[in-house]
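Below is one structure, written out as C-alpha cells; comments come after it.
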Amino acid sequence: MGRFVFLQACALALLASSLASAAIVEHSFNVQNLTVQKLCNEQVITAVNGRLPGPTIRVREGDTLVVHVFNKSPYDITIHWHGVFQLLSGWADGPEYVTQCAIRPENSYTYKFKITGQEGTLWWHAHASWLRATVHGALIIHPRSGRSYPFPKPHKEVPILFGEWWNANVVDVENQGLATGAAPNNSDAYTINGKPGDLYQCSQNDTYKLKVVQGKTYMLRIINAALNNQLFFKIANHNMTVVAIDASYTKPYVTDVVVVAPGQTTDVLLCANQPVGSYYMAARPYLSAAGVLADNTTTRGIIIYEGATSATPLMPVLPAFNDTPTAHKFYSNLTGLAGGPHWTPVPNQVDEHMFIAFGLNLAPCGGNATCGGPFEQRLSASMNNESFVLPSNSSLSMLQAFFLNVGGVYTTDFPSVPPVKFDYTNPNISLDQSLIFAPKATKVKKFKYNSTVEIVLQNTAFLAVENHPIHIHGFNFHVLAQGFGNYDAATDTKKFNLVNPQTRNTIAVPVGGWAVIRLQVNNPGIWLVHCHLDVHLPWGLATAFEVENGPTPSSTLPPPPADLPKC
C-alpha cells in the first residue's frame with residue numbers, strides 16, 4: 001500500500017511539474033499597409049505590426065500559442081504556422097481554402113494551438129496569394145523548463161531570416177503572371193532580416209549588422225522566407241556547425257556553407273574565433289534550372305567583433321549559382337540525432353507506397369488567346385499529372401468538407417503512381433506535348449489513421465530541370481535517401497538510411513533527381529502537400545492528404561472554432 005501511495009505521489013508531482021512548465025503565450029497581429037524605403041524606391045507593403053520581418057514568437061515545448069489576427073489590409077489573409085504539427089488542431093494550420101477560408105479585410109480571427117513534441121526553429125507566414133513575401137516571422141520553440149539543448153548553450157541566439165524583395169506590389173506581380181500565363185517578374189533583391197545590404201543601390205545604411213564577442217558561441221536560427229529561390233549562405237573565414245534543421249536536431253555537421261530552400265530552417269552554431277575585425281555574411285541564390293532567368297544578386301550583412309575598427313569587412317567566396325555538387329553535398333550529408341530530444345525512430349512496416357512524379361506543365365490558354373508559356377500556352381504544374389486547384393468557389397474549406405462529410409469540394413482519387421510511366425528526367429521530353437499537359441482538379445490522397453507511408457518524390461524534366469522544395473503540412477518525415485536521375489528501387493533502396501536519417505518538413509528534391517521519405521500519418525484532417533516555391537502553388541504543383549479519424553476521441557478531429565472565417 002505504501003509503495004502505491006509513493007508511486008501515485010510521484011506521478012502527481014510529475015504531472016504538476018509538466019503543467020507548471022506549460023504556459024499560454026498570447027500575441028496580436030495587426031496586418032496592415034506599411035510604407036517603406038528600399039532600393040531608392042518608396043513601396044507600400046503588407047506587414048504585421050509595422051515590421052519587416054514580423055514579430056518573433058518565442059514559446060516553450062508544451063505551451064499553448066494564441067494569436068489574434070486583425071486584418072486591416074486591403075487583401076484576404078491567412079497565417080500558416082510552418083512546421084507545427086497541429087495535433088488535433090488542423091483548423092489552425094492556415095492555408096487558404098484548405099483548412100480555412102480567408103480572414104477578410106476589416107475582420108479578425110484567433111489562432112489557438114498547442115506546441116507538442118517539437119523544439120527548434122520554425123516560422124509563420126501568410127498563406128494567401130504572395131503576401132508571405134512580407135508577412136512572415138520566426139517561431140522559436142525552446143525546450144521545456146528544466147530541459148536543455150543537446151549541445152552547450154550558446155551565448156546568444158539570433159534569428160536570420162532571408163527574404164525576397166520586389167520594387168512592386170507582390171500581389172500585382174503574381175496576378176500579372178497568372179493573367180498572361182507566363183512566369184511572374186523576378187525579384188529585385190534578397191534581404192537578411194529585412195535589409196538588402198550594401199551591394200544594392202541606396203542600401204549602404206540598410207545592411208544587417210550582428211555584433212559578437214570574440215570567443216563566444218552564437219546560434220544562428222536561419223530561415224529561408226524567400227518566395228522562389230534557394231540560397232547559399234557563407235560567413236567570411238568562419239565555419240558553422242549545423243545542429244538542427246526544420247526544428248529537428250541533427251548530428252553536428254561542420255561546414256563553411258549552408259544551403260537552405262524556401263520553407264526550410266537551419267540552426268547553426270557560430271564560434272567567434274577569428275581575429276577581431278568585421279566579416280561579411282552573404283547569401284546568393286542556388287539556381288538549379290539551366291537557362292531560366294532569375295534574380296542572381298547577392299545580399300549581405302556584417303558580423304562585427306567587439307573592439308573592431310572600421311576596416312573594410314572580409315567577403316566570403318560564394319559558390320557559383322549553379323553549383324549543384326555543393327548543394328547536394330550539404331543536403332545529403334545531414335543526419336538526425338538518433339536518441340536526442342523528440343527523436344522518432346524510422347517506422348519499419350510500411351502500409352502505403354506512393355510514387356509522385358512532379359514538375360512544370362502547360363495548360364491550354366483558352367479560346368483564341370495566346371499566353372506567355374511555350375507554344376503560346378499557359379504555364380502550369382502538376383503531381384502525377386494532376387494539376388491541383390484550390391476550391392476557391394466553394395462555400396466550405398476542404399477541412400470543413402472533411403469534418404461535415406460533404407461532397408463536391410474535393411475528391412479522394414489522387415493517383416498513388418503516375419498514370420503513365422516515362423523517362424522522367426530525360427531532357428528530350430522537356431517539350432513533349434503528349435506528356436506536358438495536365439488536367440486541373442482538386443484531388444487528394446486518402447489514408448487510414450496512423451498508417452505509415454513511404455513516398456518516392458521524383459522530379460521530371462518537363463519545361464525545365466530544377467530542384468523543387470516539397471513541404472508537407474502537419475507532419476515531419478524521415479529522408480531515407482536522395483539522388484539524381486530516375487529512382488530505381490532495385491538499387492536505390494540499398495542507399496536507405498534507416499538508422500539516423502534527417503527529419504524534415506520540407507525536402508529540396510535534387511535537380512533532375514529524387515528523394516524517398518517515410519512518415520506516419522497520425523493526425524486526422526486535410527494536409528496540403530506542395531512545392532514551396534510560391535510561383536508553383538497557383539500553377540498546381542500540389543495535392544493534399546486526407547487522414548481519417550482514429551478510433552477514439554483523442555484521435556478524432558474536434559469541431560471548428562466558433563469564429564472560423566466563412567467563405
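Naming scheme: A, B, ... for chains in displayed order of the C-alpha cells; residues 1 onward per chain; ligands 1 onward as shown.
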### Message
Taking 6 positions as the minimum chain separation for residues in the same chain, which residues sit within 10 Å of segment 147-153 of chain A when counting only C-alpha atoms? Answer as an MDAnalysis selection string.
### Response
chainID A and resid 119:120 217:219 243 249:252 269 337 340:341
Serialized selection, N, CA and C atoms, as a CSV table (one decimal), in the first residue's frame:
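selection-v4.csv was written with the following content:
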```csv
chain,number,residue,atom,x,y,z
A,119,GLU,N,10.8,21.1,-30.8
A,119,GLU,CA,11.6,22.3,-30.3
A,119,GLU,C,12.6,22.6,-31.4
A,120,GLY,N,12.8,23.9,-31.5
A,120,GLY,CA,13.8,24.4,-32.6
A,120,GLY,C,13.2,25.6,-33.3
A,217,THR,N,30.1,31.7,-28.5
A,217,THR,CA,29.4,31.0,-29.5
A,217,THR,C,28.0,31.5,-29.6
A,218,TYR,N,27.5,31.6,-30.9
A,218,TYR,CA,26.2,32.1,-31.2
A,218,TYR,C,25.4,31.1,-32.0
A,219,MET,N,24.1,31.0,-31.7
A,219,MET,CA,23.3,30.1,-32.5
A,219,MET,C,22.5,31.0,-33.5
A,243,VAL,N,23.2,22.1,-36.2
A,243,VAL,CA,22.8,21.3,-35.0
A,243,VAL,C,21.3,21.0,-35.1
A,249,TYR,N,16.6,18.0,-34.4
A,249,TYR,CA,18.1,18.0,-34.1
A,249,TYR,C,18.8,17.1,-35.1
A,250,THR,N,20.0,17.5,-35.4
A,250,THR,CA,20.9,16.7,-36.3
A,250,THR,C,22.2,16.3,-35.5
A,251,LYS,N,22.8,15.3,-36.0
A,251,LYS,CA,24.2,15.1,-35.6
A,251,LYS,C,25.0,16.3,-36.0
A,252,PRO,N,25.9,16.9,-35.2
A,252,PRO,CA,26.6,18.1,-35.5
A,252,PRO,C,27.4,17.9,-36.8
A,269,LEU,N,25.7,26.7,-35.1
A,269,LEU,CA,26.5,27.3,-34.0
A,269,LEU,C,27.7,28.0,-34.7
A,337,LEU,N,19.8,13.3,-35.1
A,337,LEU,CA,20.4,13.0,-33.8
A,337,LEU,C,19.6,11.9,-33.2
A,340,GLY,N,18.2,11.7,-29.5
A,340,GLY,CA,18.1,13.0,-29.0
A,340,GLY,C,16.7,13.4,-28.6
A,341,PRO,N,16.5,14.7,-28.1
A,341,PRO,CA,15.2,15.1,-27.8
A,341,PRO,C,14.2,15.0,-29.0
```
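Residues lying within 10 Å of segment 396-407 of chain A, counting only C-alpha atoms and ignoring same-chain neighbours fewer than 6 positions away, are Gly90, Trp91, Pro95, Glu96, Tyr97, Val98, Thr99, Gln100, Cys101, Ala102, Leu390, Thr442, Pro524, Gly525, Ile526, Trp527, Ala544, Glu546, Val547, Glu548, Asn549, Thr556, Leu557, Pro558, Pro559, Pro560, Pro565, Lys566 and Cys567 of chain A.
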## Note on the structure
Between A:Ser28, A:Asn41, A:Val212, A:Ile192, smallest distance to Tyr109 of chain A by only C-alpha atoms belongs to A:Ser28
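Distances to Ile517 of chain A were evaluated for A:Ala182, A:Val346, A:Ala381, A:Leu463 using only C-alpha atoms, and the minimum falls at A:Val346.
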### Neighbour list for Pro510 of chain A as a list in words, cut-off 10 Å, only C-alpha atoms, skip fewer than 3 positions in-chain
Ser288, Thr324, Ala327, His328, Tyr331, Ser332, Leu457, Gln458, Asn459, Val465, Glu466, Asn467, His468, Pro469, Gln482, Gly483, Phe484, Gly485, Ile507, Gly513, Trp514 and Ala515 of chain A
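The residues of segment 463-523 of chain A that DSSP classifies as strand (DSSP E or B), using the backbone of this structure, are His468, Pro469, Ile470, His471, Ile472, Phe477, His478, Val479, Leu480, Ala481, Gln482, Gly483, Phe484, Pro501, Thr503, Arg504, Thr506, Ile507, Ala508, Val509, Gly513, Trp514, Ala515, Val516, Ile517, Arg518, Leu519, Gln520 and Val521 of chain A.
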Mind checking which residues fall within 12 Å of Asn322 of chain A, counting only C-alpha atoms, ignoring those fewer than 2 positions away in the same chain, and posting them as a PDB file with all heavy atoms, in the first residue's frame?
```pdb
ATOM      1  N   GLN A 230      16.207  29.075 -53.629  1.00  0.00           N
ATOM      2  CA  GLN A 230      17.095  28.520 -52.627  1.00  0.00           C
ATOM      3  C   GLN A 230      18.328  29.413 -52.532  1.00  0.00           C
ATOM      4  O   GLN A 230      18.659  30.142 -53.467  1.00  0.00           O
ATOM      5  CB  GLN A 230      17.501  27.101 -53.014  1.00  0.00           C
ATOM      6  CG  GLN A 230      16.305  26.184 -53.212  1.00  0.00           C
ATOM      7  CD  GLN A 230      16.692  24.733 -53.410  1.00  0.00           C
ATOM      8  OE1 GLN A 230      17.451  24.196 -52.617  1.00  0.00           O
ATOM      9  NE2 GLN A 230      16.166  24.103 -54.435  1.00  0.00           N
ATOM     10  N   LEU A 231      19.019  29.342 -51.404  1.00  0.00           N
ATOM     11  CA  LEU A 231      20.131  30.266 -51.172  1.00  0.00           C
ATOM     12  C   LEU A 231      21.338  29.544 -50.588  1.00  0.00           C
ATOM     13  O   LEU A 231      21.211  28.676 -49.718  1.00  0.00           O
ATOM     14  CB  LEU A 231      19.701  31.382 -50.226  1.00  0.00           C
ATOM     15  CG  LEU A 231      18.624  32.343 -50.758  1.00  0.00           C
ATOM     16  CD1 LEU A 231      18.022  33.140 -49.621  1.00  0.00           C
ATOM     17  CD2 LEU A 231      19.201  33.257 -51.824  1.00  0.00           C
ATOM     18  N   PHE A 232      22.526  29.922 -51.099  1.00  0.00           N
ATOM     19  CA  PHE A 232      23.794  29.589 -50.448  1.00  0.00           C
ATOM     20  C   PHE A 232      24.091  30.675 -49.416  1.00  0.00           C
ATOM     21  O   PHE A 232      23.837  31.860 -49.656  1.00  0.00           O
ATOM     22  CB  PHE A 232      24.942  29.579 -51.464  1.00  0.00           C
ATOM     23  CG  PHE A 232      24.898  28.464 -52.466  1.00  0.00           C
ATOM     24  CD1 PHE A 232      24.709  28.744 -53.814  1.00  0.00           C
ATOM     25  CD2 PHE A 232      25.091  27.145 -52.088  1.00  0.00           C
ATOM     26  CE1 PHE A 232      24.702  27.732 -54.759  1.00  0.00           C
ATOM     27  CE2 PHE A 232      25.072  26.114 -53.026  1.00  0.00           C
ATOM     28  CZ  PHE A 232      24.885  26.411 -54.365  1.00  0.00           C
ATOM     29  N   ARG A 284      23.473  34.177 -51.725  1.00  0.00           N
ATOM     30  CA  ARG A 284      23.124  34.324 -53.141  1.00  0.00           C
ATOM     31  C   ARG A 284      22.355  33.087 -53.566  1.00  0.00           C
ATOM     32  O   ARG A 284      22.442  32.036 -52.920  1.00  0.00           O
ATOM     33  CB  ARG A 284      24.381  34.503 -53.999  1.00  0.00           C
ATOM     34  CG  ARG A 284      25.160  33.227 -54.200  1.00  0.00           C
ATOM     35  CD  ARG A 284      26.499  33.406 -54.878  1.00  0.00           C
ATOM     36  NE  ARG A 284      26.433  34.061 -56.168  1.00  0.00           N
ATOM     37  CZ  ARG A 284      27.514  34.215 -56.959  1.00  0.00           C
ATOM     38  NH1 ARG A 284      28.703  33.738 -56.557  1.00  0.00           N
ATOM     39  NH2 ARG A 284      27.412  34.809 -58.107  1.00  0.00           N
ATOM     40  N   PRO A 285      21.579  33.149 -54.642  1.00  0.00           N
ATOM     41  CA  PRO A 285      20.704  32.017 -54.982  1.00  0.00           C
ATOM     42  C   PRO A 285      21.455  30.813 -55.532  1.00  0.00           C
ATOM     43  O   PRO A 285      22.501  30.945 -56.175  1.00  0.00           O
ATOM     44  CB  PRO A 285      19.776  32.612 -56.046  1.00  0.00           C
ATOM     45  CG  PRO A 285      20.555  33.724 -56.661  1.00  0.00           C
ATOM     46  CD  PRO A 285      21.372  34.296 -55.543  1.00  0.00           C
ATOM     47  N   TYR A 286      20.905  29.651 -55.240  1.00  0.00           N
ATOM     48  CA  TYR A 286      21.268  28.411 -55.926  1.00  0.00           C
ATOM     49  C   TYR A 286      20.236  28.224 -57.026  1.00  0.00           C
ATOM     50  O   TYR A 286      19.066  27.946 -56.760  1.00  0.00           O
ATOM     51  CB  TYR A 286      21.261  27.237 -54.946  1.00  0.00           C
ATOM     52  CG  TYR A 286      21.243  25.870 -55.603  1.00  0.00           C
ATOM     53  CD1 TYR A 286      22.081  25.571 -56.679  1.00  0.00           C
ATOM     54  CD2 TYR A 286      20.388  24.869 -55.140  1.00  0.00           C
ATOM     55  CE1 TYR A 286      22.056  24.327 -57.289  1.00  0.00           C
ATOM     56  CE2 TYR A 286      20.361  23.621 -55.724  1.00  0.00           C
ATOM     57  CZ  TYR A 286      21.191  23.344 -56.804  1.00  0.00           C
ATOM     58  OH  TYR A 286      21.157  22.110 -57.414  1.00  0.00           O
ATOM     59  N   LEU A 287      20.678  28.410 -58.269  1.00  0.00           N
ATOM     60  CA  LEU A 287      19.779  28.360 -59.427  1.00  0.00           C
ATOM     61  C   LEU A 287      20.036  27.062 -60.177  1.00  0.00           C
ATOM     62  O   LEU A 287      20.969  26.943 -60.970  1.00  0.00           O
ATOM     63  CB  LEU A 287      20.019  29.582 -60.334  1.00  0.00           C
ATOM     64  CG  LEU A 287      19.878  30.941 -59.640  1.00  0.00           C
ATOM     65  CD1 LEU A 287      20.276  32.074 -60.576  1.00  0.00           C
ATOM     66  CD2 LEU A 287      18.449  31.137 -59.146  1.00  0.00           C
ATOM     67  N   SER A 288      19.176  26.072 -59.916  1.00  0.00           N
ATOM     68  CA  SER A 288      19.419  24.733 -60.458  1.00  0.00           C
ATOM     69  C   SER A 288      18.906  24.560 -61.876  1.00  0.00           C
ATOM     70  O   SER A 288      19.312  23.622 -62.565  1.00  0.00           O
ATOM     71  CB  SER A 288      18.767  23.688 -59.545  1.00  0.00           C
ATOM     72  OG  SER A 288      17.359  23.900 -59.469  1.00  0.00           O
ATOM     73  N   ALA A 289      18.003  25.437 -62.326  1.00  0.00           N
ATOM     74  CA  ALA A 289      17.405  25.294 -63.653  1.00  0.00           C
ATOM     75  C   ALA A 289      18.239  26.065 -64.678  1.00  0.00           C
ATOM     76  O   ALA A 289      18.304  27.296 -64.644  1.00  0.00           O
ATOM     77  CB  ALA A 289      15.967  25.798 -63.651  1.00  0.00           C
ATOM     78  N   ALA A 290      18.866  25.340 -65.578  1.00  0.00           N
ATOM     79  CA  ALA A 290      19.726  25.972 -66.578  1.00  0.00           C
ATOM     80  C   ALA A 290      18.904  26.821 -67.542  1.00  0.00           C
ATOM     81  O   ALA A 290      17.828  26.408 -67.994  1.00  0.00           O
ATOM     82  CB  ALA A 290      20.494  24.904 -67.354  1.00  0.00           C
ATOM     83  N   GLY A 291      19.386  28.014 -67.807  1.00  0.00           N
ATOM     84  CA  GLY A 291      18.769  28.858 -68.817  1.00  0.00           C
ATOM     85  C   GLY A 291      17.533  29.600 -68.371  1.00  0.00           C
ATOM     86  O   GLY A 291      16.928  30.319 -69.161  1.00  0.00           O
ATOM     87  N   VAL A 292      17.126  29.454 -67.109  1.00  0.00           N
ATOM     88  CA  VAL A 292      15.940  30.150 -66.602  1.00  0.00           C
ATOM     89  C   VAL A 292      16.381  31.447 -65.940  1.00  0.00           C
ATOM     90  O   VAL A 292      17.237  31.446 -65.047  1.00  0.00           O
ATOM     91  CB  VAL A 292      15.171  29.276 -65.597  1.00  0.00           C
ATOM     92  CG1 VAL A 292      14.018  30.049 -64.991  1.00  0.00           C
ATOM     93  CG2 VAL A 292      14.663  28.021 -66.287  1.00  0.00           C
ATOM     94  N   ALA A 294      16.547  34.527 -63.503  1.00  0.00           N
ATOM     95  CA  ALA A 294      16.199  34.654 -62.086  1.00  0.00           C
ATOM     96  C   ALA A 294      16.988  35.813 -61.496  1.00  0.00           C
ATOM     97  O   ALA A 294      17.925  36.328 -62.107  1.00  0.00           O
ATOM     98  CB  ALA A 294      16.507  33.364 -61.343  1.00  0.00           C
ATOM     99  N   ASN A 296      19.745  37.053 -59.676  1.00  0.00           N
ATOM    100  CA  ASN A 296      21.044  36.464 -59.340  1.00  0.00           C
ATOM    101  C   ASN A 296      21.918  37.424 -58.535  1.00  0.00           C
ATOM    102  O   ASN A 296      23.143  37.400 -58.632  1.00  0.00           O
ATOM    103  CB  ASN A 296      21.772  36.010 -60.605  1.00  0.00           C
ATOM    104  CG  ASN A 296      22.067  37.166 -61.561  1.00  0.00           C
ATOM    105  OD1 ASN A 296      21.706  38.311 -61.274  1.00  0.00           O
ATOM    106  ND2 ASN A 296      22.708  36.869 -62.684  1.00  0.00           N
ATOM    107  N   LEU A 318      31.542  32.893 -52.456  1.00  0.00           N
ATOM    108  CA  LEU A 318      30.302  32.119 -52.523  1.00  0.00           C
ATOM    109  C   LEU A 318      30.350  31.111 -53.659  1.00  0.00           C
ATOM    110  O   LEU A 318      31.038  31.326 -54.669  1.00  0.00           O
ATOM    111  CB  LEU A 318      29.111  33.063 -52.717  1.00  0.00           C
ATOM    112  CG  LEU A 318      28.765  33.921 -51.500  1.00  0.00           C
ATOM    113  CD1 LEU A 318      27.914  35.110 -51.906  1.00  0.00           C
ATOM    114  CD2 LEU A 318      28.039  33.095 -50.448  1.00  0.00           C
ATOM    115  N   PRO A 319      29.613  30.004 -53.543  1.00  0.00           N
ATOM    116  CA  PRO A 319      29.544  29.041 -54.651  1.00  0.00           C
ATOM    117  C   PRO A 319      28.929  29.679 -55.892  1.00  0.00           C
ATOM    118  O   PRO A 319      28.204  30.678 -55.809  1.00  0.00           O
ATOM    119  CB  PRO A 319      28.641  27.933 -54.105  1.00  0.00           C
ATOM    120  CG  PRO A 319      28.676  28.085 -52.617  1.00  0.00           C
ATOM    121  CD  PRO A 319      28.849  29.552 -52.374  1.00  0.00           C
ATOM    122  N   ALA A 320      29.215  29.093 -57.036  1.00  0.00           N
ATOM    123  CA  ALA A 320      28.577  29.535 -58.278  1.00  0.00           C
ATOM    124  C   ALA A 320      27.071  29.299 -58.178  1.00  0.00           C
ATOM    125  O   ALA A 320      26.602  28.437 -57.430  1.00  0.00           O
ATOM    126  CB  ALA A 320      29.154  28.780 -59.465  1.00  0.00           C
ATOM    127  N   THR A 324      25.526  22.662 -58.152  1.00  0.00           N
ATOM    128  CA  THR A 324      24.721  21.553 -57.635  1.00  0.00           C
ATOM    129  C   THR A 324      25.527  20.604 -56.759  1.00  0.00           C
ATOM    130  O   THR A 324      25.016  20.126 -55.730  1.00  0.00           O
ATOM    131  CB  THR A 324      24.047  20.804 -58.796  1.00  0.00           C
ATOM    132  OG1 THR A 324      23.020  21.647 -59.354  1.00  0.00           O
ATOM    133  CG2 THR A 324      23.410  19.500 -58.343  1.00  0.00           C
ATOM    134  N   PRO A 325      26.796  20.277 -57.088  1.00  0.00           N
ATOM    135  CA  PRO A 325      27.556  19.389 -56.189  1.00  0.00           C
ATOM    136  C   PRO A 325      27.660  19.917 -54.764  1.00  0.00           C
ATOM    137  O   PRO A 325      27.525  19.155 -53.799  1.00  0.00           O
ATOM    138  CB  PRO A 325      28.922  19.295 -56.866  1.00  0.00           C
ATOM    139  CG  PRO A 325      28.639  19.497 -58.323  1.00  0.00           C
ATOM    140  CD  PRO A 325      27.546  20.524 -58.342  1.00  0.00           C
ATOM    141  N   THR A 326      27.869  21.221 -54.596  1.00  0.00           N
ATOM    142  CA  THR A 326      27.955  21.790 -53.244  1.00  0.00           C
ATOM    143  C   THR A 326      26.602  21.705 -52.543  1.00  0.00           C
ATOM    144  O   THR A 326      26.520  21.351 -51.357  1.00  0.00           O
ATOM    145  CB  THR A 326      28.441  23.247 -53.310  1.00  0.00           C
ATOM    146  OG1 THR A 326      29.803  23.257 -53.745  1.00  0.00           O
ATOM    147  CG2 THR A 326      28.345  23.936 -51.954  1.00  0.00           C
ATOM    148  N   ALA A 327      25.532  22.037 -53.271  1.00  0.00           N
ATOM    149  CA  ALA A 327      24.201  21.957 -52.683  1.00  0.00           C
ATOM    150  C   ALA A 327      23.876  20.524 -52.267  1.00  0.00           C
ATOM    151  O   ALA A 327      23.373  20.280 -51.157  1.00  0.00           O
ATOM    152  CB  ALA A 327      23.151  22.478 -53.663  1.00  0.00           C
ATOM    153  N   HIS A 328      24.150  19.578 -53.140  1.00  0.00           N
ATOM    154  CA  HIS A 328      23.807  18.180 -52.839  1.00  0.00           C
ATOM    155  C   HIS A 328      24.653  17.641 -51.691  1.00  0.00           C
ATOM    156  O   HIS A 328      24.143  16.883 -50.844  1.00  0.00           O
ATOM    157  CB  HIS A 328      24.005  17.321 -54.084  1.00  0.00           C
ATOM    158  CG  HIS A 328      23.545  15.906 -53.903  1.00  0.00           C
ATOM    159  ND1 HIS A 328      22.226  15.567 -53.724  1.00  0.00           N
ATOM    160  CD2 HIS A 328      24.243  14.736 -53.842  1.00  0.00           C
ATOM    161  CE1 HIS A 328      22.123  14.249 -53.573  1.00  0.00           C
ATOM    162  NE2 HIS A 328      23.325  13.728 -53.632  1.00  0.00           N
ATOM    163  N   GLU A 466      14.857  21.215 -62.542  1.00  0.00           N
ATOM    164  CA  GLU A 466      15.252  22.025 -61.399  1.00  0.00           C
ATOM    165  C   GLU A 466      14.998  21.297 -60.093  1.00  0.00           C
ATOM    166  O   GLU A 466      14.336  20.262 -60.048  1.00  0.00           O
ATOM    167  CB  GLU A 466      14.516  23.370 -61.403  1.00  0.00           C
ATOM    168  CG  GLU A 466      13.007  23.275 -61.286  1.00  0.00           C
ATOM    169  CD  GLU A 466      12.331  24.643 -61.309  1.00  0.00           C
ATOM    170  OE1 GLU A 466      12.908  25.606 -60.756  1.00  0.00           O
ATOM    171  OE2 GLU A 466      11.231  24.751 -61.883  1.00  0.00           O
ATOM    172  N   ASN A 467      15.562  21.861 -59.025  1.00  0.00           N
ATOM    173  CA  ASN A 467      15.363  21.365 -57.674  1.00  0.00           C
ATOM    174  C   ASN A 467      14.066  21.955 -57.129  1.00  0.00           C
ATOM    175  O   ASN A 467      13.824  23.146 -57.252  1.00  0.00           O
ATOM    176  CB  ASN A 467      16.565  21.804 -56.814  1.00  0.00           C
ATOM    177  CG  ASN A 467      16.531  21.279 -55.398  1.00  0.00           C
ATOM    178  OD1 ASN A 467      15.569  21.477 -54.678  1.00  0.00           O
ATOM    179  ND2 ASN A 467      17.616  20.641 -54.986  1.00  0.00           N
ATOM    180  N   VAL A 511      17.835  18.382 -58.229  1.00  0.00           N
ATOM    181  CA  VAL A 511      17.562  18.749 -59.617  1.00  0.00           C
ATOM    182  C   VAL A 511      17.708  17.499 -60.494  1.00  0.00           C
ATOM    183  O   VAL A 511      18.708  16.787 -60.433  1.00  0.00           O
ATOM    184  CB  VAL A 511      18.520  19.876 -60.081  1.00  0.00           C
ATOM    185  CG1 VAL A 511      19.981  19.531 -59.816  1.00  0.00           C
ATOM    186  CG2 VAL A 511      18.310  20.191 -61.548  1.00  0.00           C
TER     187      VAL A 511
END
```
### Task
Within 8 Å of Pro184 of chain A, counting only C-alpha atoms, which residues show up once you throw out same-chain ones fewer than 4 positions away? Write them as number ranges by chain, please.
A: 173-174, 176-178, 535
### Query
Between atom CA of Gly359 of chain A and atom CA of Asp246 of chain A, what is the distance, to one decimal in Å?
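Computed distance, atom CA of Gly359 of chain A to atom CA of Asp246 of chain A, equals 23.7 Å.
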### Summary
Of A:Lys209, A:Val66, A:Val456, A:Gly197, the one nearest to Ala489 of chain A when counting only C-alpha atoms is A:Val456
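Going from atom CA of Thr207 of chain A to atom CA of Lys195 of chain A covers 5.3 Å.
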### Query
Contacts of Lys72 of chain A at 8 Å or less, counting only C-alpha atoms, minus same-chain residues fewer than 3 places along, as a list in words?
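Skipping anything fewer than 3 positions along the chain leaves Asn30, Val31, Gln32, Asn33, Pro105, Glu106 and Asn107 of chain A.
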### Query
Could you name the residues that touch segment 57-63 of chain A at 7 Å or less, counting only C-alpha atoms, but leaving out those on the same chain fewer than 3 positions away, as a ChimeraX atom specification?
/A:22-25,114-119,138-144
Go ahead and save the picked residues with N, CA, C and O atoms, as a CSV table (one decimal), in the first residue's frame.
```csv
chain,number,residue,atom,x,y,z
A,22,ALA,N,4.2,24.5,-18.6
A,22,ALA,CA,3.4,24.9,-19.8
A,22,ALA,C,2.8,26.2,-19.5
A,22,ALA,O,2.4,26.5,-18.4
A,23,ALA,N,2.7,27.1,-20.6
A,23,ALA,CA,2.1,28.4,-20.4
A,23,ALA,C,1.2,28.7,-21.6
A,23,ALA,O,1.2,28.0,-22.7
A,24,ILE,N,0.4,29.7,-21.5
A,24,ILE,CA,-0.4,30.3,-22.6
A,24,ILE,C,0.4,31.5,-23.1
A,24,ILE,O,0.6,32.5,-22.3
A,25,VAL,N,0.8,31.5,-24.3
A,25,VAL,CA,1.6,32.6,-24.9
A,25,VAL,C,0.7,33.3,-25.9
A,25,VAL,O,0.2,32.7,-26.9
A,114,LYS,N,-1.6,24.0,-29.5
A,114,LYS,CA,-0.6,23.6,-28.6
A,114,LYS,C,0.7,23.2,-29.3
A,114,LYS,O,0.6,22.5,-30.3
A,115,ILE,N,1.8,23.5,-28.8
A,115,ILE,CA,3.1,23.1,-29.4
A,115,ILE,C,3.5,21.8,-28.7
A,115,ILE,O,3.8,21.8,-27.5
A,116,THR,N,3.4,20.7,-29.4
A,116,THR,CA,3.6,19.4,-28.8
A,116,THR,C,4.7,18.6,-29.5
A,116,THR,O,4.7,18.5,-30.7
A,117,GLY,N,5.7,18.1,-28.7
A,117,GLY,CA,6.7,17.3,-29.2
A,117,GLY,C,7.7,17.9,-30.2
A,117,GLY,O,8.2,17.2,-31.1
A,118,GLN,N,7.9,19.2,-30.1
A,118,GLN,CA,8.7,19.9,-31.1
A,118,GLN,C,9.6,21.0,-30.3
A,118,GLN,O,9.1,21.6,-29.4
A,119,GLU,N,10.8,21.1,-30.8
A,119,GLU,CA,11.6,22.3,-30.3
A,119,GLU,C,12.6,22.6,-31.4
A,119,GLU,O,13.1,21.8,-32.1
A,138,ALA,N,9.7,34.7,-37.4
A,138,ALA,CA,10.3,33.5,-36.8
A,138,ALA,C,9.4,32.9,-35.7
A,138,ALA,O,8.7,33.7,-35.0
A,139,LEU,N,9.3,31.6,-35.5
A,139,LEU,CA,8.6,30.9,-34.4
A,139,LEU,C,9.6,30.0,-33.7
A,139,LEU,O,10.0,29.0,-34.3
A,140,ILE,N,10.1,30.5,-32.6
A,140,ILE,CA,11.2,29.8,-31.9
A,140,ILE,C,10.6,29.0,-30.7
A,140,ILE,O,9.9,29.5,-29.9
A,141,ILE,N,10.9,27.7,-30.7
A,141,ILE,CA,10.3,26.8,-29.7
A,141,ILE,C,11.5,26.3,-28.8
A,141,ILE,O,12.4,25.6,-29.3
A,142,HIS,N,11.5,26.8,-27.6
A,142,HIS,CA,12.6,26.4,-26.7
A,142,HIS,C,12.2,25.1,-26.0
A,142,HIS,O,11.0,24.8,-25.9
A,143,PRO,N,13.2,24.4,-25.4
A,143,PRO,CA,12.8,23.2,-24.6
A,143,PRO,C,12.0,23.6,-23.4
A,143,PRO,O,12.0,24.8,-22.9
A,144,ARG,N,11.3,22.7,-22.8
A,144,ARG,CA,10.6,22.9,-21.6
A,144,ARG,C,11.5,23.4,-20.5
A,144,ARG,O,12.7,23.1,-20.5
```
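Residue nearest His82 of chain A within the list A:Phe233, A:Trp123, A:Phe414, A:Tyr487: A:Trp123 [criterion: smallest interatomic distance, only C-alpha atoms].
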### Message
For a quick check of understanding, using only C-alpha atoms, which of A:Val257, A:Leu39, A:Ala226, A:Ala438 has the smallest distance to Pro364 of chain A?
### Response
A:Ala438
### From A:His27, A:Lys445, A:Arg300, A:His80, residue lying nearest Gly163 of chain A [only C-alpha atoms]
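Smallest distance to Gly163 of chain A is found for A:Arg300.
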